>>> print(open('target33.cif').read())   # mmCIF, N, CA and C atoms
data_protein
#
loop_
_atom_site.label_atom_id
_atom_site.label_comp_id
_atom_site.auth_asym_id
_atom_site.auth_seq_id
_atom_site.Cartn_x
_atom_site.Cartn_y
_atom_site.Cartn_z
N LEU A 1 -100.52 95.62 -114.56
CA LEU A 1 -100.65 95.44 -113.12
C LEU A 1 -99.30 95.05 -112.54
N ALA A 2 -98.79 95.84 -111.67
CA ALA A 2 -97.51 95.51 -111.06
C ALA A 2 -97.67 95.11 -109.60
N ARG A 3 -98.65 95.67 -108.92
CA ARG A 3 -98.86 95.33 -107.51
C ARG A 3 -99.58 94.01 -107.39
N ARG A 4 -98.87 93.01 -106.93
CA ARG A 4 -99.44 91.67 -106.86
C ARG A 4 -100.62 91.60 -105.89
N ASP A 5 -100.68 92.49 -104.93
CA ASP A 5 -101.79 92.44 -103.99
C ASP A 5 -103.11 92.90 -104.62
N LEU A 6 -103.07 93.47 -105.79
CA LEU A 6 -104.29 93.87 -106.49
C LEU A 6 -104.63 92.94 -107.66
N VAL A 7 -103.67 92.17 -108.14
CA VAL A 7 -103.89 91.34 -109.31
C VAL A 7 -104.93 90.25 -109.03
N THR A 8 -104.76 89.53 -107.94
CA THR A 8 -105.67 88.42 -107.66
C THR A 8 -107.11 88.87 -107.46
N PRO A 9 -107.39 89.84 -106.59
CA PRO A 9 -108.80 90.24 -106.46
C PRO A 9 -109.36 90.85 -107.74
N TYR A 10 -108.52 91.57 -108.47
CA TYR A 10 -108.98 92.16 -109.74
C TYR A 10 -109.38 91.05 -110.71
N ASN A 11 -108.57 90.01 -110.82
CA ASN A 11 -108.89 88.91 -111.72
C ASN A 11 -110.10 88.10 -111.23
N ILE A 12 -110.27 87.98 -109.93
CA ILE A 12 -111.45 87.28 -109.41
C ILE A 12 -112.71 88.07 -109.73
N ILE A 13 -112.65 89.39 -109.61
CA ILE A 13 -113.79 90.23 -110.00
C ILE A 13 -114.13 89.98 -111.46
N GLY A 14 -113.12 89.93 -112.30
CA GLY A 14 -113.32 89.67 -113.72
C GLY A 14 -113.92 88.29 -113.97
N ALA A 15 -113.47 87.30 -113.22
CA ALA A 15 -114.00 85.94 -113.36
C ALA A 15 -115.48 85.90 -112.98
N ILE A 16 -115.84 86.60 -111.92
CA ILE A 16 -117.24 86.66 -111.50
C ILE A 16 -118.08 87.36 -112.58
N LEU A 17 -117.55 88.47 -113.11
CA LEU A 17 -118.28 89.17 -114.18
C LEU A 17 -118.40 88.30 -115.43
N SER A 18 -117.36 87.54 -115.73
CA SER A 18 -117.45 86.66 -116.91
C SER A 18 -118.47 85.55 -116.69
N ALA A 19 -118.62 85.09 -115.46
CA ALA A 19 -119.66 84.09 -115.16
C ALA A 19 -121.05 84.68 -115.40
N TYR A 20 -121.23 85.95 -115.03
CA TYR A 20 -122.51 86.61 -115.29
C TYR A 20 -122.75 86.79 -116.78
N ILE A 21 -121.69 87.12 -117.53
CA ILE A 21 -121.81 87.24 -118.98
C ILE A 21 -122.25 85.90 -119.58
N ALA A 22 -121.63 84.82 -119.12
CA ALA A 22 -122.00 83.49 -119.61
C ALA A 22 -123.46 83.17 -119.30
N ALA A 23 -123.90 83.51 -118.10
CA ALA A 23 -125.29 83.24 -117.71
C ALA A 23 -126.27 84.02 -118.60
N LYS A 24 -125.93 85.27 -118.89
CA LYS A 24 -126.81 86.08 -119.76
C LYS A 24 -126.82 85.52 -121.18
N LEU A 25 -125.66 85.10 -121.68
CA LEU A 25 -125.59 84.55 -123.03
C LEU A 25 -126.34 83.23 -123.13
N LYS A 26 -126.34 82.44 -122.06
CA LYS A 26 -127.10 81.19 -122.06
C LYS A 26 -128.58 81.46 -122.32
N ARG A 27 -129.09 82.53 -121.73
CA ARG A 27 -130.50 82.90 -121.93
C ARG A 27 -130.75 83.37 -123.36
N VAL A 28 -129.76 84.08 -123.92
CA VAL A 28 -129.91 84.57 -125.30
C VAL A 28 -129.89 83.41 -126.29
N PHE A 29 -128.89 82.54 -126.19
CA PHE A 29 -128.75 81.41 -127.13
C PHE A 29 -129.80 80.33 -126.86
N ASN A 30 -130.07 80.08 -125.60
CA ASN A 30 -131.08 79.09 -125.18
C ASN A 30 -130.91 77.74 -125.89
N GLN A 31 -129.66 77.29 -126.00
CA GLN A 31 -129.39 76.01 -126.65
C GLN A 31 -129.33 74.90 -125.62
N GLN A 32 -130.03 73.81 -125.89
CA GLN A 32 -130.07 72.69 -124.96
C GLN A 32 -128.69 72.05 -124.80
N ARG A 33 -128.52 71.44 -123.65
CA ARG A 33 -127.34 70.62 -123.40
C ARG A 33 -127.53 69.30 -124.14
N PRO A 34 -126.47 68.48 -124.22
CA PRO A 34 -126.63 67.18 -124.89
C PRO A 34 -127.62 66.28 -124.16
N ASP A 35 -128.19 65.34 -124.89
CA ASP A 35 -129.10 64.37 -124.27
C ASP A 35 -128.40 63.65 -123.13
N GLY A 36 -129.10 63.50 -122.02
CA GLY A 36 -128.54 62.81 -120.87
C GLY A 36 -127.75 63.70 -119.92
N ALA A 37 -127.61 64.98 -120.23
CA ALA A 37 -126.88 65.90 -119.35
C ALA A 37 -127.61 66.01 -118.02
N ALA A 38 -126.85 66.16 -116.95
CA ALA A 38 -127.41 66.22 -115.60
C ALA A 38 -128.12 67.54 -115.31
N PHE A 39 -127.87 68.56 -116.12
CA PHE A 39 -128.45 69.87 -115.87
C PHE A 39 -129.48 70.19 -116.94
N GLU A 40 -130.43 71.04 -116.59
CA GLU A 40 -131.50 71.38 -117.53
C GLU A 40 -131.40 72.80 -118.06
N ASP A 41 -130.51 73.62 -117.49
CA ASP A 41 -130.38 74.98 -117.99
C ASP A 41 -129.68 74.94 -119.36
N PRO A 42 -129.79 76.03 -120.13
CA PRO A 42 -129.14 76.04 -121.45
C PRO A 42 -127.62 75.82 -121.33
N GLY A 43 -127.03 75.25 -122.37
CA GLY A 43 -125.62 74.91 -122.33
C GLY A 43 -124.70 75.80 -123.13
N MET A 44 -125.24 76.71 -123.93
CA MET A 44 -124.42 77.55 -124.80
C MET A 44 -124.36 78.96 -124.27
N PRO A 45 -123.18 79.49 -123.99
CA PRO A 45 -121.86 78.86 -123.99
C PRO A 45 -121.59 78.16 -122.66
N SER A 46 -120.57 77.33 -122.64
CA SER A 46 -120.18 76.68 -121.39
C SER A 46 -119.58 77.72 -120.45
N SER A 47 -120.20 77.87 -119.27
CA SER A 47 -119.68 78.82 -118.27
C SER A 47 -118.29 78.40 -117.79
N HIS A 48 -118.12 77.09 -117.61
CA HIS A 48 -116.81 76.60 -117.14
C HIS A 48 -115.72 76.92 -118.15
N ALA A 49 -116.00 76.71 -119.43
CA ALA A 49 -115.01 77.01 -120.46
C ALA A 49 -114.73 78.50 -120.53
N LEU A 50 -115.78 79.31 -120.47
CA LEU A 50 -115.60 80.76 -120.54
C LEU A 50 -114.79 81.28 -119.36
N VAL A 51 -115.16 80.90 -118.16
CA VAL A 51 -114.49 81.42 -116.97
C VAL A 51 -113.06 80.88 -116.87
N SER A 52 -112.85 79.60 -117.16
CA SER A 52 -111.49 79.05 -117.04
C SER A 52 -110.55 79.67 -118.07
N THR A 53 -111.03 79.89 -119.30
CA THR A 53 -110.16 80.53 -120.28
C THR A 53 -109.99 82.02 -119.99
N PHE A 54 -111.01 82.65 -119.40
CA PHE A 54 -110.84 84.04 -118.95
C PHE A 54 -109.70 84.12 -117.95
N VAL A 55 -109.74 83.27 -116.93
CA VAL A 55 -108.71 83.29 -115.87
C VAL A 55 -107.34 83.00 -116.47
N ALA A 56 -107.27 82.00 -117.33
CA ALA A 56 -105.99 81.65 -117.96
C ALA A 56 -105.45 82.82 -118.78
N ALA A 57 -106.29 83.44 -119.59
CA ALA A 57 -105.84 84.54 -120.44
C ALA A 57 -105.47 85.77 -119.61
N ALA A 58 -106.24 86.06 -118.58
CA ALA A 58 -105.93 87.23 -117.74
C ALA A 58 -104.58 87.06 -117.05
N TRP A 59 -104.35 85.90 -116.46
CA TRP A 59 -103.07 85.66 -115.79
C TRP A 59 -101.93 85.57 -116.79
N ALA A 60 -102.15 84.92 -117.93
CA ALA A 60 -101.10 84.81 -118.94
C ALA A 60 -100.70 86.19 -119.45
N THR A 61 -101.68 87.05 -119.68
CA THR A 61 -101.40 88.41 -120.14
C THR A 61 -100.61 89.18 -119.08
N HIS A 62 -100.97 88.98 -117.84
CA HIS A 62 -100.26 89.67 -116.75
C HIS A 62 -98.83 89.14 -116.57
N LEU A 63 -98.68 87.83 -116.58
CA LEU A 63 -97.37 87.23 -116.27
C LEU A 63 -96.38 87.33 -117.41
N GLN A 64 -96.86 87.35 -118.64
CA GLN A 64 -95.99 87.46 -119.81
C GLN A 64 -94.89 86.39 -119.81
N SER A 65 -95.26 85.15 -119.54
CA SER A 65 -94.32 84.04 -119.51
C SER A 65 -94.86 82.91 -120.38
N ALA A 66 -94.08 82.50 -121.37
CA ALA A 66 -94.53 81.44 -122.28
C ALA A 66 -94.84 80.14 -121.55
N PRO A 67 -93.99 79.67 -120.63
CA PRO A 67 -94.34 78.43 -119.93
C PRO A 67 -95.62 78.56 -119.09
N CYS A 68 -95.79 79.69 -118.42
CA CYS A 68 -97.01 79.91 -117.63
C CYS A 68 -98.23 79.97 -118.54
N THR A 69 -98.10 80.66 -119.67
CA THR A 69 -99.21 80.76 -120.61
C THR A 69 -99.62 79.37 -121.10
N CYS A 70 -98.64 78.56 -121.47
CA CYS A 70 -98.94 77.20 -121.95
C CYS A 70 -99.63 76.38 -120.86
N GLY A 71 -99.13 76.45 -119.65
CA GLY A 71 -99.73 75.70 -118.54
C GLY A 71 -101.13 76.16 -118.22
N LEU A 72 -101.34 77.47 -118.18
CA LEU A 72 -102.65 78.02 -117.86
C LEU A 72 -103.68 77.66 -118.93
N LEU A 73 -103.30 77.83 -120.19
CA LEU A 73 -104.24 77.51 -121.27
C LEU A 73 -104.50 76.01 -121.35
N ALA A 74 -103.49 75.19 -121.09
CA ALA A 74 -103.69 73.73 -121.08
C ALA A 74 -104.68 73.34 -119.99
N ALA A 75 -104.55 73.95 -118.82
CA ALA A 75 -105.48 73.65 -117.72
C ALA A 75 -106.90 74.08 -118.08
N ALA A 76 -107.04 75.27 -118.67
CA ALA A 76 -108.37 75.76 -119.06
C ALA A 76 -109.00 74.86 -120.12
N LEU A 77 -108.20 74.44 -121.08
CA LEU A 77 -108.73 73.57 -122.13
C LEU A 77 -109.07 72.19 -121.59
N ALA A 78 -108.32 71.72 -120.59
CA ALA A 78 -108.64 70.44 -119.96
C ALA A 78 -109.99 70.53 -119.25
N ILE A 79 -110.24 71.64 -118.58
CA ILE A 79 -111.53 71.85 -117.92
C ILE A 79 -112.65 71.81 -118.96
N ALA A 80 -112.45 72.50 -120.07
CA ALA A 80 -113.45 72.54 -121.12
C ALA A 80 -113.69 71.14 -121.69
N ALA A 81 -112.62 70.41 -121.95
CA ALA A 81 -112.77 69.07 -122.51
C ALA A 81 -113.50 68.14 -121.55
N LEU A 82 -113.22 68.27 -120.27
CA LEU A 82 -113.90 67.43 -119.28
C LEU A 82 -115.40 67.68 -119.25
N ARG A 83 -115.82 68.89 -119.54
CA ARG A 83 -117.25 69.20 -119.59
C ARG A 83 -117.93 68.39 -120.70
N VAL A 84 -117.22 68.17 -121.80
CA VAL A 84 -117.76 67.36 -122.89
C VAL A 84 -117.70 65.88 -122.53
N VAL A 85 -116.55 65.45 -122.03
CA VAL A 85 -116.37 64.04 -121.67
C VAL A 85 -117.40 63.60 -120.64
N CYS A 86 -117.73 64.48 -119.70
CA CYS A 86 -118.71 64.15 -118.66
C CYS A 86 -120.15 64.28 -119.15
N GLY A 87 -120.34 64.75 -120.37
CA GLY A 87 -121.68 64.83 -120.95
C GLY A 87 -122.46 66.08 -120.61
N HIS A 88 -121.79 67.09 -120.06
CA HIS A 88 -122.50 68.32 -119.68
C HIS A 88 -122.67 69.30 -120.83
N HIS A 89 -121.79 69.22 -121.84
CA HIS A 89 -121.79 70.17 -122.96
C HIS A 89 -121.40 69.48 -124.25
N THR A 90 -121.66 70.17 -125.35
CA THR A 90 -121.16 69.73 -126.65
C THR A 90 -119.83 70.44 -126.91
N TRP A 91 -119.11 69.97 -127.93
CA TRP A 91 -117.85 70.64 -128.28
C TRP A 91 -118.10 72.08 -128.72
N ALA A 92 -119.21 72.31 -129.41
CA ALA A 92 -119.53 73.68 -129.83
C ALA A 92 -119.75 74.60 -128.63
N GLN A 93 -120.42 74.10 -127.61
CA GLN A 93 -120.70 74.91 -126.42
C GLN A 93 -119.42 75.28 -125.68
N VAL A 94 -118.50 74.33 -125.53
CA VAL A 94 -117.24 74.67 -124.86
C VAL A 94 -116.35 75.50 -125.78
N GLY A 95 -116.45 75.26 -127.09
CA GLY A 95 -115.67 76.07 -128.03
C GLY A 95 -116.05 77.54 -127.99
N VAL A 96 -117.35 77.79 -127.95
CA VAL A 96 -117.82 79.18 -127.87
C VAL A 96 -117.42 79.79 -126.53
N GLY A 97 -117.57 79.03 -125.45
CA GLY A 97 -117.15 79.54 -124.14
C GLY A 97 -115.68 79.91 -124.12
N ALA A 98 -114.83 79.03 -124.65
CA ALA A 98 -113.39 79.30 -124.69
C ALA A 98 -113.07 80.47 -125.61
N ALA A 99 -113.75 80.52 -126.75
CA ALA A 99 -113.50 81.60 -127.70
C ALA A 99 -113.89 82.96 -127.13
N LEU A 100 -114.85 82.99 -126.23
CA LEU A 100 -115.24 84.25 -125.58
C LEU A 100 -114.35 84.56 -124.38
N GLY A 101 -113.95 83.54 -123.64
CA GLY A 101 -113.18 83.75 -122.42
C GLY A 101 -111.82 84.38 -122.65
N VAL A 102 -111.13 83.95 -123.70
CA VAL A 102 -109.78 84.47 -123.95
C VAL A 102 -109.79 85.97 -124.24
N PRO A 103 -110.56 86.46 -125.20
CA PRO A 103 -110.51 87.91 -125.44
C PRO A 103 -111.04 88.74 -124.27
N ILE A 104 -112.01 88.21 -123.54
CA ILE A 104 -112.51 88.96 -122.37
C ILE A 104 -111.40 89.05 -121.32
N GLY A 105 -110.65 87.96 -121.11
CA GLY A 105 -109.55 87.98 -120.15
C GLY A 105 -108.44 88.93 -120.55
N VAL A 106 -108.09 88.92 -121.83
CA VAL A 106 -107.06 89.84 -122.33
C VAL A 106 -107.53 91.28 -122.19
N ALA A 107 -108.79 91.55 -122.55
CA ALA A 107 -109.33 92.91 -122.44
C ALA A 107 -109.40 93.37 -120.99
N TRP A 108 -109.73 92.46 -120.08
CA TRP A 108 -109.82 92.78 -118.66
C TRP A 108 -108.44 93.23 -118.13
N THR A 109 -107.40 92.51 -118.52
CA THR A 109 -106.05 92.86 -118.10
C THR A 109 -105.62 94.17 -118.75
N ALA A 110 -105.96 94.37 -120.02
CA ALA A 110 -105.64 95.61 -120.71
C ALA A 110 -106.32 96.80 -120.04
N LEU A 111 -107.55 96.61 -119.58
CA LEU A 111 -108.26 97.68 -118.87
C LEU A 111 -107.51 98.08 -117.62
N ALA A 112 -107.01 97.11 -116.88
CA ALA A 112 -106.25 97.41 -115.66
C ALA A 112 -105.01 98.23 -115.99
N SER A 113 -104.34 97.88 -117.07
CA SER A 113 -103.15 98.63 -117.47
C SER A 113 -103.52 100.02 -117.96
N HIS A 114 -104.63 100.11 -118.70
CA HIS A 114 -105.05 101.40 -119.26
C HIS A 114 -105.41 102.40 -118.17
N VAL A 115 -106.12 101.97 -117.14
CA VAL A 115 -106.50 102.89 -116.07
C VAL A 115 -105.42 102.99 -115.00
N ASN A 116 -104.34 102.24 -115.20
CA ASN A 116 -103.16 102.32 -114.34
C ASN A 116 -103.47 102.00 -112.88
N ILE A 117 -104.11 100.89 -112.65
CA ILE A 117 -104.48 100.48 -111.31
C ILE A 117 -103.25 100.36 -110.41
N ALA A 118 -102.17 99.83 -110.95
CA ALA A 118 -100.98 99.56 -110.14
C ALA A 118 -100.39 100.82 -109.52
N ASP A 119 -100.49 101.94 -110.22
CA ASP A 119 -99.90 103.18 -109.70
C ASP A 119 -100.93 104.12 -109.10
N GLY A 120 -102.14 103.62 -108.88
CA GLY A 120 -103.21 104.47 -108.39
C GLY A 120 -103.24 104.66 -106.89
N GLY A 121 -102.34 104.00 -106.17
CA GLY A 121 -102.26 104.17 -104.73
C GLY A 121 -103.47 103.61 -104.00
N SER A 122 -103.71 104.17 -102.83
CA SER A 122 -104.76 103.65 -101.95
C SER A 122 -106.16 103.75 -102.57
N ARG A 123 -106.35 104.69 -103.45
CA ARG A 123 -107.66 104.83 -104.12
C ARG A 123 -108.02 103.54 -104.85
N TRP A 124 -107.10 102.97 -105.63
CA TRP A 124 -107.37 101.73 -106.34
C TRP A 124 -107.41 100.54 -105.39
N TYR A 125 -106.59 100.59 -104.37
CA TYR A 125 -106.58 99.50 -103.39
C TYR A 125 -107.97 99.36 -102.76
N VAL A 126 -108.54 100.46 -102.35
CA VAL A 126 -109.88 100.46 -101.74
C VAL A 126 -110.93 100.07 -102.78
N ALA A 127 -110.83 100.60 -103.98
CA ALA A 127 -111.82 100.31 -105.02
C ALA A 127 -111.80 98.83 -105.40
N VAL A 128 -110.61 98.27 -105.62
CA VAL A 128 -110.52 96.87 -106.05
C VAL A 128 -110.98 95.93 -104.94
N TYR A 129 -110.49 96.15 -103.72
CA TYR A 129 -110.91 95.26 -102.64
C TYR A 129 -112.38 95.45 -102.27
N GLY A 130 -112.90 96.66 -102.41
CA GLY A 130 -114.33 96.89 -102.17
C GLY A 130 -115.18 96.16 -103.21
N ALA A 131 -114.79 96.29 -104.47
CA ALA A 131 -115.52 95.58 -105.54
C ALA A 131 -115.38 94.07 -105.39
N TYR A 132 -114.22 93.63 -104.96
CA TYR A 132 -113.97 92.20 -104.73
C TYR A 132 -114.92 91.66 -103.66
N PHE A 133 -115.06 92.41 -102.58
CA PHE A 133 -115.96 92.01 -101.50
C PHE A 133 -117.41 91.97 -101.98
N VAL A 134 -117.86 93.04 -102.63
CA VAL A 134 -119.24 93.12 -103.10
C VAL A 134 -119.52 92.02 -104.13
N ALA A 135 -118.63 91.84 -105.10
CA ALA A 135 -118.84 90.81 -106.13
C ALA A 135 -118.89 89.42 -105.50
N GLY A 136 -118.03 89.18 -104.52
CA GLY A 136 -118.03 87.89 -103.83
C GLY A 136 -119.33 87.63 -103.09
N VAL A 137 -119.82 88.64 -102.41
CA VAL A 137 -121.08 88.49 -101.66
C VAL A 137 -122.24 88.25 -102.62
N VAL A 138 -122.31 89.02 -103.70
CA VAL A 138 -123.39 88.86 -104.67
C VAL A 138 -123.32 87.48 -105.31
N PHE A 139 -122.12 87.03 -105.66
CA PHE A 139 -121.94 85.72 -106.28
C PHE A 139 -122.38 84.61 -105.34
N LEU A 140 -121.94 84.68 -104.08
CA LEU A 140 -122.31 83.65 -103.11
C LEU A 140 -123.81 83.67 -102.81
N ARG A 141 -124.37 84.85 -102.71
CA ARG A 141 -125.81 84.97 -102.45
C ARG A 141 -126.62 84.34 -103.58
N ARG A 142 -126.19 84.60 -104.80
CA ARG A 142 -126.88 84.03 -105.97
C ARG A 142 -126.74 82.51 -105.97
N ALA A 143 -125.56 82.01 -105.66
CA ALA A 143 -125.33 80.57 -105.64
C ALA A 143 -126.16 79.91 -104.55
N LEU A 144 -126.24 80.54 -103.39
CA LEU A 144 -127.05 79.99 -102.30
C LEU A 144 -128.54 79.97 -102.67
N ARG A 145 -128.98 81.04 -103.31
CA ARG A 145 -130.39 81.14 -103.69
C ARG A 145 -130.75 80.07 -104.72
N LYS A 146 -129.83 79.74 -105.59
CA LYS A 146 -130.09 78.71 -106.60
C LYS A 146 -129.82 77.31 -106.08
N GLY A 147 -129.34 77.21 -104.84
CA GLY A 147 -129.09 75.90 -104.24
C GLY A 147 -127.82 75.25 -104.74
N LYS A 148 -126.92 75.99 -105.36
CA LYS A 148 -125.70 75.40 -105.92
C LYS A 148 -124.65 75.09 -104.87
N LEU A 149 -124.80 75.62 -103.66
CA LEU A 149 -123.81 75.35 -102.61
C LEU A 149 -124.34 74.40 -101.55
N ARG A 150 -125.53 73.86 -101.77
CA ARG A 150 -126.12 72.90 -100.82
C ARG A 150 -126.01 71.51 -101.37
N ARG A 151 -125.85 70.56 -100.49
CA ARG A 151 -125.83 69.15 -100.92
C ARG A 151 -126.58 68.32 -99.93
#
>>> encode(input="target33.cif", output="structure tokens")
Amino acid sequence: LARRDLVTPYNIIGAILSAYIAAKLKRVFNQQRPDGAAFEDPGMPSSHALVSTFVAAAWATHLQSAPCTCGLLAAALAIAALRVVCGHHTWAQVGVGAALGVPIGVAWTALASHVNIADGGSRWYVAVYGAYFVAGVVFLRRALRKGKLRR
């Protein structure tokens, strides 16, 4: 990806898709969260760990900078660790989430390079921003329906 105006929405689409992957895997594994966790849905894998490491890996692969890679992965791992410290997940749940997020993020960036989004002109611009809009609306609608955006 060379066009910076397509990188961010493309990676956000990937993050939304990775959140859906995590939600589907939670149903498959159906593993309880630790005792005393504030949430009752399954905890394996940790969605926060999966999505944060996806984002870190996708940007690190795109930027190709060792300092940025270290910072991004450190931030993602800090998010994962906080999920355990706060009692929302076990180490295994965040470990599986992180272990899935990294290869999905790398593959997502490789897909963009393979289909040559950066040199695709207005066709890719419309496709990426259209998908970005649709994915955002679907994600927000789902969050509103589940009451995750209300307090």
>>> closest_residue(input="target33.cif", among="A:Ile16, A:Met44, A:Ala143, A:Ile79", to="Val28 (chain A)", atoms="all atoms listed in the file")
A:Met44
>>> residues_around(input="target33.cif", residues="Ser52 (chain A)", least_positions_apart="4", cutoff="5 Å", atoms="only N, CA and C atoms", output="short mmCIF file (atom, residue, chain, number, x, y, z; two decimals) with N, CA and C atoms, keeping the file's coordinate frame")
data_model
loop_
_atom_site.label_atom_id
_atom_site.label_comp_id
_atom_site.auth_asym_id
_atom_site.auth_seq_id
_atom_site.Cartn_x
_atom_site.Cartn_y
_atom_site.Cartn_z
N HIS A 48 -118.12 77.09 -117.61
CA HIS A 48 -116.81 76.60 -117.14
C HIS A 48 -115.72 76.92 -118.15
N ALA A 56 -107.27 82.00 -117.33
CA ALA A 56 -105.99 81.65 -117.96
C ALA A 56 -105.45 82.82 -118.78
N ALA A 76 -107.04 75.27 -118.67
CA ALA A 76 -108.37 75.76 -119.06
C ALA A 76 -109.00 74.86 -120.12
#
>>> resolve_selection(input="target33.cif", expression="the PyMOL selection byres ((chain A and resi 95-101) around 8)", output="PyMOL selection string")
chain A and resi 18+22+44-58+76-77+80+90-94+102-107
>>> write_last_selection(input="target33.cif", atoms="N, CA and C atoms", output="mmCIF file, in the frame of the given file")
data_model
loop_
_atom_site.group_PDB
_atom_site.id
_atom_site.type_symbol
_atom_site.label_atom_id
_atom_site.label_comp_id
_atom_site.auth_asym_id
_atom_site.auth_seq_id
_atom_site.Cartn_x
_atom_site.Cartn_y
_atom_site.Cartn_z
ATOM 1 N N SER A 18 -117.360 87.540 -115.730
ATOM 2 C CA SER A 18 -117.450 86.660 -116.910
ATOM 3 C C SER A 18 -118.470 85.550 -116.690
ATOM 4 N N ALA A 22 -121.630 84.820 -119.120
ATOM 5 C CA ALA A 22 -122.000 83.490 -119.610
ATOM 6 C C ALA A 22 -123.460 83.170 -119.300
ATOM 7 N N MET A 44 -125.240 76.710 -123.930
ATOM 8 C CA MET A 44 -124.420 77.550 -124.800
ATOM 9 C C MET A 44 -124.360 78.960 -124.270
ATOM 10 N N PRO A 45 -123.180 79.490 -123.990
ATOM 11 C CA PRO A 45 -121.860 78.860 -123.990
ATOM 12 C C PRO A 45 -121.590 78.160 -122.660
ATOM 13 N N SER A 46 -120.570 77.330 -122.640
ATOM 14 C CA SER A 46 -120.180 76.680 -121.390
ATOM 15 C C SER A 46 -119.580 77.720 -120.450
ATOM 16 N N SER A 47 -120.200 77.870 -119.270
ATOM 17 C CA SER A 47 -119.680 78.820 -118.270
ATOM 18 C C SER A 47 -118.290 78.400 -117.790
ATOM 19 N N HIS A 48 -118.120 77.090 -117.610
ATOM 20 C CA HIS A 48 -116.810 76.600 -117.140
ATOM 21 C C HIS A 48 -115.720 76.920 -118.150
ATOM 22 N N ALA A 49 -116.000 76.710 -119.430
ATOM 23 C CA ALA A 49 -115.010 77.010 -120.460
ATOM 24 C C ALA A 49 -114.730 78.500 -120.530
ATOM 25 N N LEU A 50 -115.780 79.310 -120.470
ATOM 26 C CA LEU A 50 -115.600 80.760 -120.540
ATOM 27 C C LEU A 50 -114.790 81.280 -119.360
ATOM 28 N N VAL A 51 -115.160 80.900 -118.160
ATOM 29 C CA VAL A 51 -114.490 81.420 -116.970
ATOM 30 C C VAL A 51 -113.060 80.880 -116.870
ATOM 31 N N SER A 52 -112.850 79.600 -117.160
ATOM 32 C CA SER A 52 -111.490 79.050 -117.040
ATOM 33 C C SER A 52 -110.550 79.670 -118.070
ATOM 34 N N THR A 53 -111.030 79.890 -119.300
ATOM 35 C CA THR A 53 -110.160 80.530 -120.280
ATOM 36 C C THR A 53 -109.990 82.020 -119.990
ATOM 37 N N PHE A 54 -111.010 82.650 -119.400
ATOM 38 C CA PHE A 54 -110.840 84.040 -118.950
ATOM 39 C C PHE A 54 -109.700 84.120 -117.950
ATOM 40 N N VAL A 55 -109.740 83.270 -116.930
ATOM 41 C CA VAL A 55 -108.710 83.290 -115.870
ATOM 42 C C VAL A 55 -107.340 83.000 -116.470
ATOM 43 N N ALA A 56 -107.270 82.000 -117.330
ATOM 44 C CA ALA A 56 -105.990 81.650 -117.960
ATOM 45 C C ALA A 56 -105.450 82.820 -118.780
ATOM 46 N N ALA A 57 -106.290 83.440 -119.590
ATOM 47 C CA ALA A 57 -105.840 84.540 -120.440
ATOM 48 C C ALA A 57 -105.470 85.770 -119.610
ATOM 49 N N ALA A 58 -106.240 86.060 -118.580
ATOM 50 C CA ALA A 58 -105.930 87.230 -117.740
ATOM 51 C C ALA A 58 -104.580 87.060 -117.050
ATOM 52 N N ALA A 76 -107.040 75.270 -118.670
ATOM 53 C CA ALA A 76 -108.370 75.760 -119.060
ATOM 54 C C ALA A 76 -109.000 74.860 -120.120
ATOM 55 N N LEU A 77 -108.200 74.440 -121.080
ATOM 56 C CA LEU A 77 -108.730 73.570 -122.130
ATOM 57 C C LEU A 77 -109.070 72.190 -121.590
ATOM 58 N N ALA A 80 -112.450 72.500 -120.070
ATOM 59 C CA ALA A 80 -113.450 72.540 -121.120
ATOM 60 C C ALA A 80 -113.690 71.140 -121.690
ATOM 61 N N THR A 90 -121.660 70.170 -125.350
ATOM 62 C CA THR A 90 -121.160 69.730 -126.650
ATOM 63 C C THR A 90 -119.830 70.440 -126.910
ATOM 64 N N TRP A 91 -119.110 69.970 -127.930
ATOM 65 C CA TRP A 91 -117.850 70.640 -128.280
ATOM 66 C C TRP A 91 -118.100 72.080 -128.720
ATOM 67 N N ALA A 92 -119.210 72.310 -129.410
ATOM 68 C CA ALA A 92 -119.530 73.680 -129.830
ATOM 69 C C ALA A 92 -119.750 74.600 -128.630
ATOM 70 N N GLN A 93 -120.420 74.100 -127.610
ATOM 71 C CA GLN A 93 -120.700 74.910 -126.420
ATOM 72 C C GLN A 93 -119.420 75.280 -125.680
ATOM 73 N N VAL A 94 -118.500 74.330 -125.530
ATOM 74 C CA VAL A 94 -117.240 74.670 -124.860
ATOM 75 C C VAL A 94 -116.350 75.500 -125.780
ATOM 76 N N VAL A 102 -111.130 83.950 -123.700
ATOM 77 C CA VAL A 102 -109.780 84.470 -123.950
ATOM 78 C C VAL A 102 -109.790 85.970 -124.240
ATOM 79 N N PRO A 103 -110.560 86.460 -125.200
ATOM 80 C CA PRO A 103 -110.510 87.910 -125.440
ATOM 81 C C PRO A 103 -111.040 88.740 -124.270
ATOM 82 N N ILE A 104 -112.010 88.210 -123.540
ATOM 83 C CA ILE A 104 -112.510 88.960 -122.370
ATOM 84 C C ILE A 104 -111.400 89.050 -121.320
ATOM 85 N N GLY A 105 -110.650 87.960 -121.110
ATOM 86 C CA GLY A 105 -109.550 87.980 -120.150
ATOM 87 C C GLY A 105 -108.440 88.930 -120.550
ATOM 88 N N VAL A 106 -108.090 88.920 -121.830
ATOM 89 C CA VAL A 106 -107.060 89.840 -122.330
ATOM 90 C C VAL A 106 -107.530 91.280 -122.190
ATOM 91 N N ALA A 107 -108.790 91.550 -122.550
ATOM 92 C CA ALA A 107 -109.330 92.910 -122.440
ATOM 93 C C ALA A 107 -109.400 93.370 -120.990
#
>>> atom_distance(input="target33.cif", atom1="atom N of Arg123 (chain A)", atom2="CA of Thr109 (chain A)")
18.8 Å
>>> atom_distance(input="target33.cif", atom1="atom N of Ser113 (chain A)", atom2="CA of Phe139 (chain A)")
24.0 Å
>>> closest_residue(input="target33.cif", among="A:Lys146, A:Arg141, A:His62, A:Arg27", to="Gly43 (chain A)", atoms="only N, CA and C atoms")
A:Arg27
>>> closest_residue(input="target33.cif", among="A:Ala131, A:Gly147, A:Ala19, A:Trp124", to="Leu6 (chain A)", atoms="all atoms listed in the file")
A:Trp124
